[in-house]
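**Q** Shown below is the structure under consideration.
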Amino acid sequence: MFEKRPLNPIRQAVLENGIEEGYSALLQRVISRADSKGGNVFTLVIDGTHGADFHALLKGLIPYAEDHGFRFAAVDTYSYLKSGTELRNHFRQNITDNRAFGYVAEQKIDEYFQSRAQHNFAEYAARLTETTSERLLLVVFGPGALWLSDGRCDASLFLDVSREYQEIAHKGSLLNFGFSWNIDALEKYKIAYFVEWPLLEGYRKERLKAFDWYVDMNDPSCPVLLTISDLLAVIRDIASYPMRVKPFLMPGVWGGQYLKRIADLPADMINCAWNFEPIAPENSVLVSKGEHVVEIPFLLIMAFSHLEIIGQRNVKLFGDYFPVRFDFLDTMDGDNLSCQVHPKQAYLRENFNGFMEQQESYYIMEKQGDAKVYLGLTETCTEESFREAVETSQETGDPIPFTEYVQEWPSEKGGLYLIPTGTVHCSGKDNFVLEISATTWWFTFKIYDYVRKDLDGKLRPINLEYAFDNIDFSRKTDWVQNNLIHQPKLLKQQGSNEEYVLGERDDLLFYVNRIHLEDRWEDETEDEFVLLNLVEGDRVRIMSLDDEDIYVEFGYAESYIIPASFGAYAIVNLSSTPCKLIKAGVSRKWNVSLVDADA
């Protein structure tokens, strides 16, 4: 059965304080620190990610502190923020008027706060200290609390939640940080993507080492606590071994039923369109030590162990950004994806301040009936006729004869369809697609979406101006056949086992190979990370050739990251039937540094 909560064990790290769970352990740590400090006032900073349940902690902390002889005073960061209206105006150039797209912010967290916020807080804290003769616990809480206190505190916590947690909360009542209203969940995601995450996640990365404790608040009823030094030791440990992220499964208007079946998802889930595994910024990693489990955003693991994970060459190319992603697109008993195109690098940087262009490929894991893939344009398609057709459709609500413009191909199980930027494409219904791509996912310009509404009942946004700025109209039937639909090419053999090259192009930063596994395959990372997914078969084991007691096992449709530092390894077939695995990473031909391009 597909494992939805894969655990990554701590293998060698020795933790000074260990992993603790529950509010009792957390409160005891804090008050014990306060009791040991001299003076009347103990200042506790409770910082964290927007959406973390600060109040759940405060509800326990207030009576606990009072029972231990402390008077309690609290200051929240929200009182020192610019107003919601001011924030909308301040970030107007980043939010934009476009329904789906903005401009990635490069500011710092102080942009959220009033101009004299730190000064005003310092004056308040000084008055409090001067006027109290009792033992006082002063708590500064909310995102940016350490910044607001200017680092002046006696103890500090960072409460963290995953992006998955935030996105679920955004679909409910959670507004963007500091905002007083939002139009809908799509706007919340857009503002998070272009403003909130760049600033707040950047702040988390920059300041994390300054905190005393890290608190996983993904289950607000049972926080998980560890010291920052232990957190960093955990990150160093798991970055050295094969790692699987926590799958992020989501419904969508075109979603199918195959992922629901193999992952045993709830019957009342309308469908499952996506499984992100891994898309580095979206996923988190579940780390276990005995019975204790802590959830850590993959972005943090990359921030502090990127060299071990992706290797020196890739760090020079991408910094601490994980450059290749896997995700599943399920349209089995579903519907077509929107007809779409992705922008080239220069356009992405200029218009959206994006880091990496969205190069893609579709690997067909399963299909049924006469499923199709739509890739490139027909020989008779012209820019004028295609644009006129989709514009008229938007105005009238009438569908267009889609395949008069976009080339239709039979979907072949085991086939790979390459999608460099500028190429019109989409998966048809009744496919289960493993998408192997560059790690970006938001810059999809919809050209045509069959005049359908999204799950929220609103018409899906179409991005014709952006799309037609980026469509390469030379990519028509013959060119696509010759350049984007390759036949497997044998790369090497080991006994009855084989590795094939499925797809590699000079304009794609990733390669896609496939291993045909009868029994055992030996390989070497050569200081480059490797992504593996079991696309056919039951179960395999990946083990270190230096120490065969170090291994992981995984099943059909599950993905693992083999870090660059892992070295020589073997893949062993644990079933009685042959297996196939997709193997992907950064192409050895790719030498464009996106880090240098940012400088």
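Starting from 1 in every chain, residues are counted up; chains themselves are A, B, ... following the order of the structure tokens, and ligands are numbered from 1 as listed.
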Which residues of segment 166-252 of chain A come within 6 Å of segment 100-116 of chain A, and for each one, what is the closest pair of atoms and their distance in Å to one decimal, counting only C-alpha atoms, sorted by chain and residue number, as CSV?

**A**
```
residue,atom,partner,partner_atom,distance
A:Phe194,CA,A:Val104,CA,4.3
A:Val195,CA,A:Ala105,CA,5.2
A:Leu199,CA,A:Lys108,CA,5.5
```

**Q** Using only all heavy atoms, please write the residues we just selected to a file, as a compact mmCIF listing (two decimals), in the first residue's frame.

**A**
```txt
# COMPACT_ATOMS: atom_id res chain seq x y z
N PHE A 194 3.91 35.14 -3.77
CA PHE A 194 4.70 36.26 -4.27
C PHE A 194 5.19 37.21 -3.17
O PHE A 194 6.14 37.96 -3.39
CB PHE A 194 3.89 37.04 -5.31
CG PHE A 194 3.74 36.30 -6.61
CD1 PHE A 194 2.59 35.57 -6.88
CD2 PHE A 194 4.75 36.30 -7.54
CE1 PHE A 194 2.45 34.86 -8.07
CE2 PHE A 194 4.63 35.60 -8.74
CZ PHE A 194 3.48 34.87 -9.00
N VAL A 195 4.57 37.18 -1.99
CA VAL A 195 4.96 38.11 -0.93
C VAL A 195 5.28 37.38 0.37
O VAL A 195 6.40 37.46 0.87
CB VAL A 195 3.84 39.16 -0.68
CG1 VAL A 195 4.26 40.10 0.45
CG2 VAL A 195 3.56 39.95 -1.95
N LEU A 199 9.23 36.52 2.00
CA LEU A 199 9.68 37.31 3.13
C LEU A 199 9.77 36.49 4.42
O LEU A 199 10.80 36.50 5.10
CB LEU A 199 8.77 38.52 3.35
CG LEU A 199 9.15 39.79 2.56
CD1 LEU A 199 9.07 39.57 1.06
CD2 LEU A 199 8.24 40.96 2.97
```

**Q** Name the residues in contact with segment 19-22 of chain A at a cut-off of 12 Å, using only C-alpha atoms, excluding same-chain residues fewer than 2 positions from it; report them as a PDB file with N, CA and C atoms, in the first residue's frame.

**A**
```pdb
ATOM      1  N   ILE A  10      16.331   8.946  12.175  1.00  0.00           N
ATOM      2  CA  ILE A  10      17.630   9.508  12.547  1.00  0.00           C
ATOM      3  C   ILE A  10      18.553   8.325  12.798  1.00  0.00           C
ATOM      4  N   VAL A  14      23.548  12.173  17.502  1.00  0.00           N
ATOM      5  CA  VAL A  14      23.341  12.097  18.947  1.00  0.00           C
ATOM      6  C   VAL A  14      22.733  13.421  19.395  1.00  0.00           C
ATOM      7  N   LEU A  15      21.494  13.359  19.895  1.00  0.00           N
ATOM      8  CA  LEU A  15      20.786  14.575  20.281  1.00  0.00           C
ATOM      9  C   LEU A  15      21.024  14.858  21.759  1.00  0.00           C
ATOM     10  N   GLU A  16      21.408  16.085  22.062  1.00  0.00           N
ATOM     11  CA  GLU A  16      21.721  16.457  23.445  1.00  0.00           C
ATOM     12  C   GLU A  16      20.477  16.442  24.328  1.00  0.00           C
ATOM     13  N   ASN A  17      19.366  16.897  23.785  1.00  0.00           N
ATOM     14  CA  ASN A  17      18.142  16.993  24.580  1.00  0.00           C
ATOM     15  C   ASN A  17      17.018  16.111  24.066  1.00  0.00           C
ATOM     16  N   SER A  24       3.118  20.021  28.008  1.00  0.00           N
ATOM     17  CA  SER A  24       3.736  19.931  29.332  1.00  0.00           C
ATOM     18  C   SER A  24       5.248  20.038  29.235  1.00  0.00           C
ATOM     19  N   ALA A  25       5.824  19.290  28.294  1.00  0.00           N
ATOM     20  CA  ALA A  25       7.281  19.327  28.126  1.00  0.00           C
ATOM     21  C   ALA A  25       7.743  20.717  27.709  1.00  0.00           C
ATOM     22  N   LEU A  26       6.995  21.333  26.804  1.00  0.00           N
ATOM     23  CA  LEU A  26       7.366  22.662  26.309  1.00  0.00           C
ATOM     24  C   LEU A  26       7.310  23.696  27.432  1.00  0.00           C
ATOM     25  N   LEU A  27       6.208  23.691  28.184  1.00  0.00           N
ATOM     26  CA  LEU A  27       6.037  24.677  29.252  1.00  0.00           C
ATOM     27  C   LEU A  27       7.079  24.475  30.350  1.00  0.00           C
ATOM     28  N   GLN A  28       7.362  23.228  30.639  1.00  0.00           N
ATOM     29  CA  GLN A  28       8.359  22.952  31.669  1.00  0.00           C
ATOM     30  C   GLN A  28       9.722  23.496  31.275  1.00  0.00           C
ATOM     31  N   ARG A  29      10.085  23.328  30.007  1.00  0.00           N
ATOM     32  CA  ARG A  29      11.370  23.853  29.520  1.00  0.00           C
ATOM     33  C   ARG A  29      11.432  25.377  29.681  1.00  0.00           C
ATOM     34  N   ALA A  56      -2.922  28.524  21.073  1.00  0.00           N
ATOM     35  CA  ALA A  56      -2.973  27.229  21.757  1.00  0.00           C
ATOM     36  C   ALA A  56      -1.857  27.126  22.786  1.00  0.00           C
ATOM     37  N   LEU A  57      -0.693  27.664  22.444  1.00  0.00           N
ATOM     38  CA  LEU A  57       0.425  27.655  23.385  1.00  0.00           C
ATOM     39  C   LEU A  57       0.188  28.641  24.527  1.00  0.00           C
ATOM     40  N   GLY A  60      -2.061  27.546  27.442  1.00  0.00           N
ATOM     41  CA  GLY A  60      -1.425  26.714  28.444  1.00  0.00           C
ATOM     42  C   GLY A  60      -0.365  27.447  29.235  1.00  0.00           C
ATOM     43  N   TRP A 213      14.620  27.065  20.729  1.00  0.00           N
ATOM     44  CA  TRP A 213      13.855  25.850  20.464  1.00  0.00           C
ATOM     45  C   TRP A 213      13.069  25.972  19.159  1.00  0.00           C
ATOM     46  N   TYR A 214      12.900  24.815  18.525  1.00  0.00           N
ATOM     47  CA  TYR A 214      12.057  24.689  17.329  1.00  0.00           C
ATOM     48  C   TYR A 214      10.845  23.855  17.719  1.00  0.00           C
ATOM     49  N   VAL A 215       9.652  24.322  17.332  1.00  0.00           N
ATOM     50  CA  VAL A 215       8.418  23.636  17.702  1.00  0.00           C
ATOM     51  C   VAL A 215       7.613  23.328  16.448  1.00  0.00           C
ATOM     52  N   ASP A 216       7.436  22.040  16.181  1.00  0.00           N
ATOM     53  CA  ASP A 216       6.580  21.581  15.091  1.00  0.00           C
ATOM     54  C   ASP A 216       5.135  21.672  15.571  1.00  0.00           C
ATOM     55  N   MET A 217       4.355  22.576  14.936  1.00  0.00           N
ATOM     56  CA  MET A 217       2.962  22.808  15.337  1.00  0.00           C
ATOM     57  C   MET A 217       1.968  22.294  14.297  1.00  0.00           C
ATOM     58  N   ASP A 219       0.449  19.582  14.298  1.00  0.00           N
ATOM     59  CA  ASP A 219      -0.672  19.080  15.094  1.00  0.00           C
ATOM     60  C   ASP A 219      -0.766  19.982  16.316  1.00  0.00           C
ATOM     61  N   PRO A 220      -1.632  20.996  16.291  1.00  0.00           N
ATOM     62  CA  PRO A 220      -1.659  21.970  17.392  1.00  0.00           C
ATOM     63  C   PRO A 220      -1.991  21.349  18.741  1.00  0.00           C
ATOM     64  N   SER A 221      -2.599  20.159  18.750  1.00  0.00           N
ATOM     65  CA  SER A 221      -2.929  19.514  20.016  1.00  0.00           C
ATOM     66  C   SER A 221      -1.724  18.844  20.654  1.00  0.00           C
ATOM     67  N   CYS A 222      -0.658  18.647  19.870  1.00  0.00           N
ATOM     68  CA  CYS A 222       0.532  17.965  20.398  1.00  0.00           C
ATOM     69  C   CYS A 222       1.787  18.517  19.734  1.00  0.00           C
ATOM     70  N   PRO A 223       2.303  19.643  20.228  1.00  0.00           N
ATOM     71  CA  PRO A 223       3.520  20.209  19.632  1.00  0.00           C
ATOM     72  C   PRO A 223       4.711  19.285  19.851  1.00  0.00           C
ATOM     73  N   VAL A 224       5.669  19.359  18.935  1.00  0.00           N
ATOM     74  CA  VAL A 224       6.894  18.569  19.027  1.00  0.00           C
ATOM     75  C   VAL A 224       8.056  19.543  19.168  1.00  0.00           C
ATOM     76  N   LEU A 225       8.872  19.338  20.188  1.00  0.00           N
ATOM     77  CA  LEU A 225       9.888  20.315  20.583  1.00  0.00           C
ATOM     78  C   LEU A 225      11.280  19.713  20.495  1.00  0.00           C
ATOM     79  N   LEU A 226      12.210  20.488  19.951  1.00  0.00           N
ATOM     80  CA  LEU A 226      13.627  20.144  20.053  1.00  0.00           C
ATOM     81  C   LEU A 226      14.449  21.429  19.990  1.00  0.00           C
ATOM     82  N   THR A 227      15.633  21.379  20.559  1.00  0.00           N
ATOM     83  CA  THR A 227      16.483  22.564  20.536  1.00  0.00           C
ATOM     84  C   THR A 227      16.950  22.817  19.109  1.00  0.00           C
ATOM     85  N   ILE A 228      17.344  24.045  18.833  1.00  0.00           N
ATOM     86  CA  ILE A 228      17.839  24.367  17.496  1.00  0.00           C
ATOM     87  C   ILE A 228      19.104  23.574  17.192  1.00  0.00           C
ATOM     88  N   SER A 229      19.972  23.394  18.154  1.00  0.00           N
ATOM     89  CA  SER A 229      21.187  22.605  17.903  1.00  0.00           C
ATOM     90  C   SER A 229      20.830  21.170  17.563  1.00  0.00           C
ATOM     91  N   ASP A 230      19.826  20.608  18.233  1.00  0.00           N
ATOM     92  CA  ASP A 230      19.394  19.251  17.899  1.00  0.00           C
ATOM     93  C   ASP A 230      18.705  19.214  16.529  1.00  0.00           C
ATOM     94  N   LEU A 231      17.930  20.251  16.214  1.00  0.00           N
ATOM     95  CA  LEU A 231      17.299  20.323  14.894  1.00  0.00           C
ATOM     96  C   LEU A 231      18.354  20.305  13.798  1.00  0.00           C
ATOM     97  N   ALA A 233      21.357  19.122  13.972  1.00  0.00           N
ATOM     98  CA  ALA A 233      21.980  17.787  13.950  1.00  0.00           C
ATOM     99  C   ALA A 233      21.088  16.797  13.217  1.00  0.00           C
ATOM    100  N   VAL A 234      19.769  16.904  13.419  1.00  0.00           N
ATOM    101  CA  VAL A 234      18.814  16.041  12.707  1.00  0.00           C
ATOM    102  C   VAL A 234      18.892  16.293  11.208  1.00  0.00           C
ATOM    103  N   VAL A 287      10.562  13.080  10.252  1.00  0.00           N
ATOM    104  CA  VAL A 287      11.788  12.512  10.811  1.00  0.00           C
ATOM    105  C   VAL A 287      11.442  11.805  12.115  1.00  0.00           C
ATOM    106  N   SER A 288      11.941  10.589  12.288  1.00  0.00           N
ATOM    107  CA  SER A 288      11.566   9.796  13.461  1.00  0.00           C
ATOM    108  C   SER A 288      12.780   9.422  14.293  1.00  0.00           C
ATOM    109  N   LYS A 289      12.544   9.375  15.604  1.00  0.00           N
ATOM    110  CA  LYS A 289      13.513   8.885  16.574  1.00  0.00           C
ATOM    111  C   LYS A 289      12.715   8.095  17.600  1.00  0.00           C
ATOM    112  N   GLY A 290      12.779   6.764  17.513  1.00  0.00           N
ATOM    113  CA  GLY A 290      11.920   5.949  18.348  1.00  0.00           C
ATOM    114  C   GLY A 290      10.469   6.197  17.988  1.00  0.00           C
ATOM    115  N   GLU A 291       9.661   6.544  18.999  1.00  0.00           N
ATOM    116  CA  GLU A 291       8.245   6.808  18.758  1.00  0.00           C
ATOM    117  C   GLU A 291       7.972   8.272  18.425  1.00  0.00           C
ATOM    118  N   HIS A 292       8.984   9.092  18.494  1.00  0.00           N
ATOM    119  CA  HIS A 292       8.797  10.531  18.266  1.00  0.00           C
ATOM    120  C   HIS A 292       8.964  10.860  16.787  1.00  0.00           C
ATOM    121  N   VAL A 293       8.100  11.736  16.279  1.00  0.00           N
ATOM    122  CA  VAL A 293       8.147  12.166  14.879  1.00  0.00           C
ATOM    123  C   VAL A 293       8.067  13.688  14.838  1.00  0.00           C
ATOM    124  N   VAL A 294       8.970  14.305  14.092  1.00  0.00           N
ATOM    125  CA  VAL A 294       8.932  15.753  13.899  1.00  0.00           C
ATOM    126  C   VAL A 294       8.844  16.039  12.407  1.00  0.00           C
ATOM    127  N   GLU A 295       8.010  17.000  12.034  1.00  0.00           N
ATOM    128  CA  GLU A 295       7.830  17.381  10.627  1.00  0.00           C
ATOM    129  C   GLU A 295       8.632  18.647  10.355  1.00  0.00           C
TER     130      GLU A 295
END
```

**Q** DSSP on the backbone: what in segment 68-234 of chain A comes out strand (DSSP E or B), as a list in words?

**A**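 So, restricting segment 68-234 of chain A to strand (DSSP E or B), we get Arg71, Phe72, Ala73, Ala74, Val75, Asp76, Leu81, Phe113, Leu136, Leu137, Leu138, Val139, Val140, Phe141, Ala155, Ser156, Leu157, Phe158, Leu159, Asp160, Trp213, Tyr214, Val215, Asp216, Val224, Leu225, Leu226 and Thr227 of chain A.
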
**Q** List the neighbours of Glu518 of chain A out to 10 Å using only C-alpha atoms; skip same-chain residues closer than 3 positions along the sequence, and give me the result as a VMD selection string.

**A** chain A and resid 494 to 498 515 521 572 to 580

**Q** Any chance you could export the current selection's C-alpha atoms as a CSV table (one decimal), in the first residue's frame?

**A**
```csv
chain,number,residue,atom,x,y,z
A,494,GLN,CA,24.6,-5.2,-15.5
A,495,GLY,CA,23.7,-8.9,-16.2
A,496,SER,CA,20.0,-9.0,-17.1
A,497,ASN,CA,19.5,-5.4,-15.7
A,498,GLU,CA,19.5,-2.4,-18.0
A,515,ILE,CA,16.2,1.3,-15.0
A,521,TRP,CA,21.5,-2.8,-9.9
A,572,VAL,CA,17.5,-4.6,-5.1
A,573,ASN,CA,14.3,-6.1,-6.5
A,574,LEU,CA,12.3,-7.5,-3.5
A,575,SER,CA,9.5,-9.0,-5.6
A,576,SER,CA,9.3,-12.0,-7.9
A,577,THR,CA,8.5,-9.9,-11.0
A,578,PRO,CA,10.6,-7.4,-12.9
A,579,CYS,CA,10.6,-3.7,-11.9
A,580,LYS,CA,11.1,-0.4,-13.6
```

**Q** Do you know which residues are at most 7 Å from Lys260 of chain A counting only C-alpha atoms, after dropping those on the same chain fewer than 5 positions away, and could you put them as a PyMOL selection string?

**A** chain A and resi 265+271-272

**Q** For Phe54 of chain A, which of A:Thr132, A:Asn513, A:Thr77, A:Gln359 is the closest residue, counting only C-alpha atoms?

**A**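 Closest to Phe54 of chain A, using only C-alpha atoms: A:Thr77.
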
**Q** From the list A:Asp150, A:Phe554, A:Phe355, A:Asn40, which residue is nearest Thr129 of chain A when using only C-alpha atoms?

**A** A:Asn40

**Q** Find the spatial neighbours of segment 330-333 of chain A, counting only C-alpha atoms, within a cut-off of 6 Å - ignore same-chain residues fewer than 2 positions away - and output them as a list in words.

**A**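 Here the qualifying residues turn out to be Gly255, Gly256, Gln257, Tyr258, Ala273, Asp335, Lys429, Asp430, Asn431 and Phe432 of chain A.
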
**Q** Go through segment 295-343 of chain A and collect every residue that DSSP, computed from the backbone, puts in helix (DSSP H, G or I); the answer should be as a PyMOL selection string.

**A** chain A and resi 298-310+312-318

**Q** Given the choices A:Ser411, A:Ser83, A:Gln394, A:Thr440, which gets closest to Ile485 of chain A if the distance is worked out from only C-alpha atoms?

**A**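 Counting only C-alpha atoms, the residue closest to Ile485 of chain A is A:Ser411.
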
**Q** Might you pull out every residue within 9 Å of Ala192 of chain A, with only C-alpha atoms counted and same-chain residues fewer than 6 positions away left off, and present them as a VMD selection string?

**A** chain A and resid 176 to 177 198

**Q** Got a sec: who's within 8 Å of Ile447 of chain A, counting only C-alpha atoms, leaving out chain neighbours fewer than 3 positions off, as a list in words?

**A**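 The residues satisfying every condition are Ser338, Cys339, Gln340, Val341, Val390, Ile462, Asn463, Leu464 and Ala467 of chain A.
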
**Q** Please dump the current selection as a CSV table (one decimal), in the first residue's frame; keep N, CA, C and O atoms.

**A**
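Saved to selection_9.csv:
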```
chain,number,residue,atom,x,y,z
A,338,SER,N,-5.9,21.8,-18.5
A,338,SER,CA,-6.0,23.0,-19.4
A,338,SER,C,-4.9,22.9,-20.4
A,338,SER,O,-3.8,22.4,-20.2
A,339,CYS,N,-5.2,23.5,-21.6
A,339,CYS,CA,-4.2,23.7,-22.6
A,339,CYS,C,-3.3,24.9,-22.2
A,339,CYS,O,-3.8,25.9,-21.8
A,340,GLN,N,-2.0,24.7,-22.1
A,340,GLN,CA,-1.1,25.6,-21.4
A,340,GLN,C,0.2,25.7,-22.1
A,340,GLN,O,0.6,24.9,-22.9
A,341,VAL,N,1.0,26.7,-21.6
A,341,VAL,CA,2.4,26.9,-22.0
A,341,VAL,C,3.1,27.5,-20.8
A,341,VAL,O,2.5,28.2,-20.0
A,390,VAL,N,-9.6,31.1,-29.3
A,390,VAL,CA,-9.7,31.1,-27.8
A,390,VAL,C,-10.3,32.4,-27.2
A,390,VAL,O,-11.1,32.3,-26.2
A,462,ILE,N,-7.8,32.5,-17.4
A,462,ILE,CA,-7.0,32.3,-18.6
A,462,ILE,C,-6.0,33.4,-18.8
A,462,ILE,O,-6.3,34.6,-18.4
A,463,ASN,N,-4.9,33.1,-19.3
A,463,ASN,CA,-3.7,34.1,-19.3
A,463,ASN,C,-3.2,34.3,-20.8
A,463,ASN,O,-2.1,34.0,-21.1
A,464,LEU,N,-4.1,34.8,-21.6
A,464,LEU,CA,-3.8,34.8,-23.0
A,464,LEU,C,-2.6,35.7,-23.4
A,464,LEU,O,-1.8,35.3,-24.2
A,467,ALA,N,0.4,33.9,-22.3
A,467,ALA,CA,0.6,32.7,-23.1
A,467,ALA,C,1.1,33.0,-24.5
A,467,ALA,O,2.1,32.4,-24.9
```

**Q** What is the atom CA of Tyr405 of chain A to atom CA of Thr380 of chain A distance in Å?

**A** 7.3 Å

**Q** For Gly48 of chain A, which residue out of A:His486, A:His516, A:Arg207, A:Lys413 is the nearest one, using only C-alpha atoms?

**A**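 Looking only at the distances to Gly48 of chain A, the closest residue turns out to be A:Arg207.
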
**Q** Could you tell me which of A:Ala346, A:Leu232, A:Ala210, A:Ala263 comes closest to Leu300 of chain A if we count only C-alpha atoms?

**A** A:Leu232
